[in-house]
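Novice: The structure under discussion is supplied below as structure tokens; questions concerning it will follow.
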Amino acid sequence: MTKDSIVVITGAARGIGLELFKQCLQRGAKVVAGVRTPEKAAELRALAEANPARATVLPLDVTSDASAVTFAERLRSQGIDRIDVLINNAGVYLDGDATLETLETPMVMKTLDTNTVGPIRVTRALLPQLRNSKQARIATISSLMGSLADNSSGGSYAYRMSKSAVNMFAKTLANDEQGMISLALHPGWVKTEMGGARAPLAPDKSAEGLITVIETATLGDTGKFFNHAGRELPW
């Protein structure tokens with residue numbers, strides 16, 4: 001991220017999103033965090049208050065069309081008419097312990113609404129600002145669990161389905177917006193609230209790798225699926 005880059009990150013209240021926010025700030029970028037309840041994101045707000053010229057925290061519910069539109073309008077009202085990097089990070093993992101027999105339909109729908117439709121809502125709302133960048137980069141946080149080729153263990157139906165579908169979104173966006181770089185990214189198994197204590201990868205290391213992938217990607221990489229170390233993954 002260069003010092004004049006404008007970066008938007010969803011789901012930045014904790015975990016990987018918070019680390020992405022921190023590290024983009026450290027690189028000198030202007031960073032906007034969209035979070036569902038800013039009043040509960042104490043560490044994020046503290047970072048923004050310590051960097052008032054370059055950091056902003058705004059409410060954003062990725063499951064709401066109206067919220068996504070309002071978020072885009074608030075950015076414009078603050079003079080942000082260009083977005084260079086959008087990181088669609090907000091997500092949920094609700095069915096880690098569910099079997100097909102115990103999987104409840106509302107759980108499936110909430111997972112898809114957040115993990116798959118959420119990035120569509122946000123990207124659509126911000127598309128005019130993304131198009132104003134010389135070469136916008138849209139990084140959608142996916143998971144290796146969304147890979148059809150890699151699935152040898154089963155389970156996690158809703159989460160897997162949501163990530164497979166959002167991979168298709170990232171690929172289709174790459175075809176439709178050929179001046180932009182659209183990536184699906186696997187952050188690794190990260191020690192966060194979602195990943196759990198057994199995860200081997202620290203959030204700061206995952207975020208560092210993801211940012212490097214985003215920064216170094218070229219148009220030849222658009223529409224591809226990478227992990228945090230830059231290795232291309234199977235669909």
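Each chain in the structure tokens gets a letter, A, B, ..., in the order shown, and its residues are numbered from 1; ligands are numbered from 1 in order too.
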Which residues, written as a PyMOL selection string, have at least one atom at most 12 Å from Val69 of chain A, with only C-alpha atoms counted and residues fewer than 4 positions away on the same chain left out?

Specialist: chain A and resi 59-65+73-76+120-128

Novice: How would the residues just picked look written out with C-alpha atoms as a tab-separated table (two decimals), in the first residue's frame?

Specialist:
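Done, and the output landed in again_38.tsv:
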chain	number	residue	atom	x	y	z
A	59	PRO	CA	-20.96	1.32	10.64
A	60	LEU	CA	-21.53	-1.35	8.03
A	61	ASP	CA	-23.80	-4.38	8.13
A	62	VAL	CA	-22.84	-6.50	5.12
A	63	THR	CA	-26.19	-8.33	5.32
A	64	SER	CA	-28.09	-5.11	4.55
A	65	ASP	CA	-28.39	-3.48	1.14
A	73	GLU	CA	-22.61	7.62	0.67
A	74	ARG	CA	-20.82	8.42	3.93
A	75	LEU	CA	-17.48	7.87	2.25
A	76	ARG	CA	-18.43	10.26	-0.53
A	120	ILE	CA	-21.56	-8.59	-3.51
A	121	ARG	CA	-23.50	-5.89	-1.63
A	122	VAL	CA	-20.40	-4.00	-0.55
A	123	THR	CA	-18.58	-4.22	-3.88
A	124	ARG	CA	-21.68	-3.15	-5.79
A	125	ALA	CA	-22.21	-0.13	-3.53
A	126	LEU	CA	-18.55	0.93	-3.84
A	127	LEU	CA	-18.17	0.18	-7.55
A	128	PRO	CA	-18.25	3.83	-8.72

Novice: Identify, on the basis of only C-alpha atoms, every residue whose closest approach to segment 175-182 of chain A does not exceed 9 Å; exclude the query and any residue fewer than 5 positions from it along the same chain; express the result as a PyMOL selection string.

Specialist: chain A and resi 130-131+133-140+170+214+217-224

Novice: Once DSSP has gone over the backbone, tell me which residues of segment 28-119 of chain A are in strand (DSSP E), as a VMD selection string.

Specialist: chain A and resid 30 to 35 55 to 59 85 to 88

Novice: Write the residues of the preceding selection, restricted to all heavy atoms, as a compact mmCIF listing (two decimals), in the first residue's frame.

Specialist:
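again-v7.txt was written with the following content:
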# COMPACT_ATOMS: atom_id res chain seq x y z
N LYS A 30 -4.46 5.42 3.71
CA LYS A 30 -5.66 5.93 4.35
C LYS A 30 -6.64 4.75 4.41
O LYS A 30 -6.95 4.15 3.38
CB LYS A 30 -6.26 7.08 3.56
CG LYS A 30 -7.47 7.71 4.22
CD LYS A 30 -7.90 8.98 3.50
CE LYS A 30 -9.03 9.67 4.23
NZ LYS A 30 -9.42 10.94 3.58
N VAL A 31 -7.13 4.42 5.61
CA VAL A 31 -7.88 3.18 5.79
C VAL A 31 -9.25 3.46 6.39
O VAL A 31 -9.37 4.20 7.38
CB VAL A 31 -7.12 2.19 6.69
CG1 VAL A 31 -7.79 0.82 6.63
CG2 VAL A 31 -5.67 2.08 6.28
N VAL A 32 -10.27 2.87 5.80
CA VAL A 32 -11.63 2.95 6.31
C VAL A 32 -12.07 1.56 6.72
O VAL A 32 -11.98 0.61 5.94
CB VAL A 32 -12.60 3.51 5.26
CG1 VAL A 32 -14.02 3.58 5.83
CG2 VAL A 32 -12.14 4.87 4.75
N ALA A 33 -12.53 1.44 7.96
CA ALA A 33 -13.05 0.16 8.45
C ALA A 33 -14.56 0.22 8.49
O ALA A 33 -15.15 1.17 9.02
CB ALA A 33 -12.51 -0.13 9.86
N GLY A 34 -15.19 -0.80 7.94
CA GLY A 34 -16.64 -0.94 8.04
C GLY A 34 -16.96 -2.07 9.00
O GLY A 34 -16.58 -3.21 8.73
N VAL A 35 -17.62 -1.77 10.11
CA VAL A 35 -17.93 -2.78 11.12
C VAL A 35 -19.38 -2.65 11.55
O VAL A 35 -19.95 -1.55 11.55
CB VAL A 35 -17.00 -2.70 12.34
CG1 VAL A 35 -15.56 -2.99 11.95
CG2 VAL A 35 -17.07 -1.34 13.00
N ALA A 55 -7.38 7.35 9.34
CA ALA A 55 -8.17 6.20 9.76
C ALA A 55 -9.59 6.61 10.10
O ALA A 55 -9.82 7.60 10.81
CB ALA A 55 -7.52 5.52 10.96
N THR A 56 -10.54 5.82 9.59
CA THR A 56 -11.95 6.10 9.83
C THR A 56 -12.66 4.79 10.13
O THR A 56 -12.37 3.77 9.50
CB THR A 56 -12.61 6.74 8.59
OG1 THR A 56 -11.88 7.91 8.22
CG2 THR A 56 -14.05 7.11 8.86
N VAL A 57 -13.58 4.82 11.06
CA VAL A 57 -14.42 3.66 11.38
C VAL A 57 -15.87 4.05 11.17
O VAL A 57 -16.34 5.04 11.74
CB VAL A 57 -14.21 3.19 12.84
CG1 VAL A 57 -15.10 1.97 13.13
CG2 VAL A 57 -12.75 2.85 13.10
N LEU A 58 -16.56 3.29 10.33
CA LEU A 58 -17.96 3.58 10.02
C LEU A 58 -18.81 2.32 10.20
O LEU A 58 -18.32 1.20 10.01
CB LEU A 58 -18.10 4.06 8.57
CG LEU A 58 -17.46 5.41 8.22
CD1 LEU A 58 -17.57 5.65 6.72
CD2 LEU A 58 -18.12 6.53 9.00
N PRO A 59 -20.07 2.49 10.53
CA PRO A 59 -20.96 1.32 10.64
C PRO A 59 -21.24 0.71 9.28
O PRO A 59 -21.44 1.42 8.30
CB PRO A 59 -22.23 1.89 11.28
CG PRO A 59 -22.20 3.35 10.96
CD PRO A 59 -20.76 3.74 10.90
N VAL A 85 -8.18 -0.08 -2.83
CA VAL A 85 -8.20 -1.47 -2.36
C VAL A 85 -9.45 -1.69 -1.52
O VAL A 85 -9.71 -0.94 -0.58
CB VAL A 85 -6.95 -1.82 -1.51
CG1 VAL A 85 -7.02 -3.27 -1.03
CG2 VAL A 85 -5.67 -1.57 -2.30
N LEU A 86 -10.20 -2.71 -1.88
CA LEU A 86 -11.33 -3.16 -1.06
C LEU A 86 -11.04 -4.58 -0.59
O LEU A 86 -10.79 -5.46 -1.42
CB LEU A 86 -12.63 -3.14 -1.87
CG LEU A 86 -13.83 -3.86 -1.23
CD1 LEU A 86 -14.22 -3.22 0.10
CD2 LEU A 86 -15.02 -3.87 -2.19
N ILE A 87 -11.06 -4.78 0.72
CA ILE A 87 -10.86 -6.11 1.28
C ILE A 87 -12.18 -6.56 1.91
O ILE A 87 -12.58 -6.06 2.96
CB ILE A 87 -9.72 -6.14 2.32
CG1 ILE A 87 -8.42 -5.61 1.70
CG2 ILE A 87 -9.51 -7.58 2.82
CD1 ILE A 87 -7.24 -5.55 2.67
N ASN A 88 -12.84 -7.48 1.24
CA ASN A 88 -14.09 -8.05 1.74
C ASN A 88 -13.74 -9.14 2.75
O ASN A 88 -13.57 -10.31 2.40
CB ASN A 88 -14.91 -8.64 0.58
CG ASN A 88 -15.54 -7.59 -0.30
OD1 ASN A 88 -16.20 -6.67 0.19
ND2 ASN A 88 -15.35 -7.70 -1.60

Novice: Just the alpha helix (DSSP H) stuff from segment 148-194 of chain A, please, per backbone DSSP, written as a list in words.

Specialist: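 Secondary structure check on segment 148-194 of chain A, alpha helix (DSSP H): Tyr157, Ala158, Tyr159, Arg160, Met161, Ser162, Lys163, Ser164, Ala165, Val166, Asn167, Met168, Phe169, Ala170, Lys171, Thr172, Leu173, Ala174, Asn175 and Asp176 of chain A.
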
Novice: Identify which of the residues A:Glu215, A:Glu49, A:Val190, A:Ser156 lies closest to Thr102 of chain A, counting only C-alpha atoms when measuring atom-to-atom distances.

Specialist: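 Counting only C-alpha atoms, the residue closest to Thr102 of chain A is A:Ser156.
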
Novice: In terms of the shortest atom-to-atom distance over only C-alpha atoms, which of A:Leu210, A:Ile16, A:Ala42, A:Ala158 is closest to Thr99 of chain A?

Specialist: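 Selected residue with least distance to Thr99 of chain A: A:Ala158.
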
Novice: Rank A:His186, A:Lys171, A:Lys3, A:Arg160 by their smallest atom-to-atom distance to Tyr93 of chain A, using only C-alpha atoms, and report the top residue only.

Specialist: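 The shortest atom-to-atom distance to Tyr93 of chain A comes from A:Arg160.
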
Novice: From the set A:Ala229, A:Glu101, A:Ser206, A:Ala13, which residue has the shortest atom-to-atom contact distance to Glu39 of chain A, counting only C-alpha atoms?

Specialist: A:Ala13

Novice: One decimal, Å: what's the distance from atom CA of Asp150 of chain A over to atom CA of Thr10 of chain A, could you say?

Specialist: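 Computed distance, atom CA of Asp150 of chain A to atom CA of Thr10 of chain A, equals 26.9 Å.
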
Novice: Go through A:Tyr159, A:Gly154, A:Glu232, A:Ala12 one by one, measure the shortest atom-to-atom distance of each to Pro38 of chain A using only C-alpha atoms, and give the residue with the smallest value.

Specialist: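 Smallest distance to Pro38 of chain A is found for A:Ala12.
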
Novice: Would you pick out the contacts of Asp113 of chain A at 9 Å or less, using only C-alpha atoms, so that residues sharing its chain but fewer than 3 positions from it are not included, and give the list as a PyMOL selection string?

Specialist: chain A and resi 62-63+108-110+116-118+162

Novice: Give me, please, the distance in Å between atom CA of Ser5 of chain A and atom CA of Leu233 of chain A, quoted to one decimal.

Specialist: 27.6 Å

Novice: Between atom CA of Gln26 of chain A and atom CA of Gly79 of chain A, what is the distance in Å, rounded to a tenth?

Specialist: 22.1 Å

Novice: Go through A:Asn51, A:Ser142, A:Gln129, A:Asn227 and flag the residue nearest Asn89 of chain A, using only C-alpha atoms for the distances.

Specialist: A:Ser142
